[in-house]
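The next block holds one structure in the form of structure tokens; read it before the comments.
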Amino acid sequence: LKADSPHSALEQLKTRFLNHVDILEQNVYSLDGTVVQDTVQEQCRLFEERIKTFGGIDIMLLGIGRIGNIATNEPGSVISSSARLILIDATSREEMTMSFGSQEPVPPCSITLGVANILASRKIYLTAWGEEKADIIKATVEGRMSDAIPASFLQNHNDAHVVVDLSAASKLTRIIHPWLVTSCTWTDKLTRPALTWLCLITKK
């Protein structure tokens, strides 16, 4: 994307948040997606050094893609991955195309912080809205950690929080089978699905 593209991550962040709060422009740092490819690796190294110079990241706010990608860490991103150039998955490109709202093409690659950079943050918030995110939220929260779902590595963080609406949470065990994970107040509405579930388990 060109530096002045309204679809760059930084420009979207400015439009939706930074331009509305009292933060000085010189205090906003971002990886530069306009640099030539030969200089990307050095830019990533310097960006990581800058993060260390400022004492690390206090709060990491993340969204999640339908394939479990976080900060464009696509499936296959390992827990030790650092800032780098990464090829954007076809599903992620489709999601990005929908958000562009124009014919400007989605770049094939992205420069991103790695999973290790994310996990080094002191506090992490992962957000998701809508039923199309329900499957991946269940896999992220309740599945095993795997580079097939990079977001699942957040299970390894001691201060990570998942912020979802009811639609995105709709397939979590706490929602569909709450009796398995917490004490319940047994109403008729809850008893019926619990009995149905038990009949399926016991085949009776």
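Chain identifiers are assigned as A, B, and so on, following the order in which chains appear in the structure tokens; residues are numbered from 1 within each chain, and ligands are numbered from 1 in order of appearance.
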- Task: Considering only C-alpha atoms, return as a ChimeraX atom specification whatever protein or nucleic-acid residues lie within 12 Å of A:Gly68, sequence-local ones (same chain, fewer than 3 positions apart) excluded.
- Result: /A:62-65,71-77,89,91-92,126-128,133-141,143,145-154
- Sel. of alpha helix (DSSP H) residues, stretch 17-192 of chain A, as an MDAnalysis selection string: chainID A and resid 40:53 90:100 115:119 134:142 173:176 188:192
- Message: I'd like the neighbourhood of A:Leu13 as a ChimeraX atom specification, where a residue qualifies if any of its atoms comes within 12 Å (using only C-alpha atoms), though same-chain residues fewer than 5 positions away should be ignored.
- Response: /A:6-8,18-21,28-30,61
- Message: So, with only C-alpha atoms as the atoms that count, which of A:Gln12, A:Ser110, A:Ser81, A:Ser5 lies closest to A:Val40?
- Response: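 Closest candidate: A:Ser110.
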- Message: I'd like the contact shell of A:Arg122 - 8 Å cut-off, only C-alpha atoms, skipping same-chain residues fewer than 6 positions apart - returned as a list in words.
- Response: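 Those residues are Ile57, Asp58, Ile59, Met60 and Asp159 of chain A.
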Can those selected residues be exported to a file as a PDB file, in the first residue's frame so that it contains N, CA and C atoms?
```pdb
ATOM      1  N   ILE A  57       6.009  -3.566  25.694  1.00  0.00           N
ATOM      2  CA  ILE A  57       4.600  -3.238  25.414  1.00  0.00           C
ATOM      3  C   ILE A  57       3.758  -3.533  26.648  1.00  0.00           C
ATOM      4  N   ASP A  58       3.040  -2.519  27.133  1.00  0.00           N
ATOM      5  CA  ASP A  58       2.175  -2.703  28.303  1.00  0.00           C
ATOM      6  C   ASP A  58       0.898  -3.453  27.941  1.00  0.00           C
ATOM      7  N   ILE A  59       0.216  -2.994  26.882  1.00  0.00           N
ATOM      8  CA  ILE A  59      -1.072  -3.595  26.492  1.00  0.00           C
ATOM      9  C   ILE A  59      -1.068  -3.877  25.002  1.00  0.00           C
ATOM     10  N   MET A  60      -1.401  -5.096  24.647  1.00  0.00           N
ATOM     11  CA  MET A  60      -1.544  -5.494  23.245  1.00  0.00           C
ATOM     12  C   MET A  60      -3.036  -5.722  22.984  1.00  0.00           C
ATOM     13  N   ASP A 159      -1.631 -13.115  31.471  1.00  0.00           N
ATOM     14  CA  ASP A 159      -2.576 -12.002  31.637  1.00  0.00           C
ATOM     15  C   ASP A 159      -3.237 -11.675  30.300  1.00  0.00           C
TER      16      ASP A 159
END
```
- Could you name the residues that touch A:Ser80 at 10 Å or less, counting only C-alpha atoms, but leaving out those on the same chain fewer than 6 positions away, as a list in words?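 So, after excluding close chain neighbours, the residues are Gly114, Val115, Ala116, Asn117 and Leu119 of chain A.
The two atoms in question, atom CA of A:Ala160 and atom CA of A:Phe47, are spaced 23.2 Å apart.
Using only C-alpha atoms for every distance, the candidate list A:Val181, A:Ile111, A:Leu200, A:Ile79 yields A:Ile79 as the residue closest to A:His157.
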- Item | Those in stretch 130-178 of chain A with strand (DSSP E or B) from DSSP, as number ranges by chain | A: 146, 149, 160-164
- Task: Using only C-alpha atoms, determine which residues lie at most 7 Å from A:Thr34, disregarding the query and same-chain residues fewer than 4 positions distant; provide the list as an NGL selection string.
- Result: :A and (1-3)
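Distance check against A:Arg45 using only C-alpha atoms: of A:Arg66, A:Arg192, A:Arg84, A:Arg93, the minimum falls on A:Arg84.
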- Item | Exercise: A:Leu180 partners within 12 Å, only C-alpha atoms, chain neighbours under 6 positions left out, as a count of residues only | 6
- Item | Atom-to-atom span, atom CA of A:Pro178 and atom CA of A:Thr202, Å |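 Value for the atom CA of A:Pro178-atom CA of A:Thr202 distance: 18.4 Å.
Compared by their closest atoms to A:Ala9, and using only C-alpha atoms, the residues A:Trp179, A:Phe100, A:Phe54, A:Tyr125 rank with A:Phe100 nearest.
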- Note on the structure: Correct to one decimal, the distance atom CA of A:Lys189-atom CA of A:Ser170 is 16.5 Å
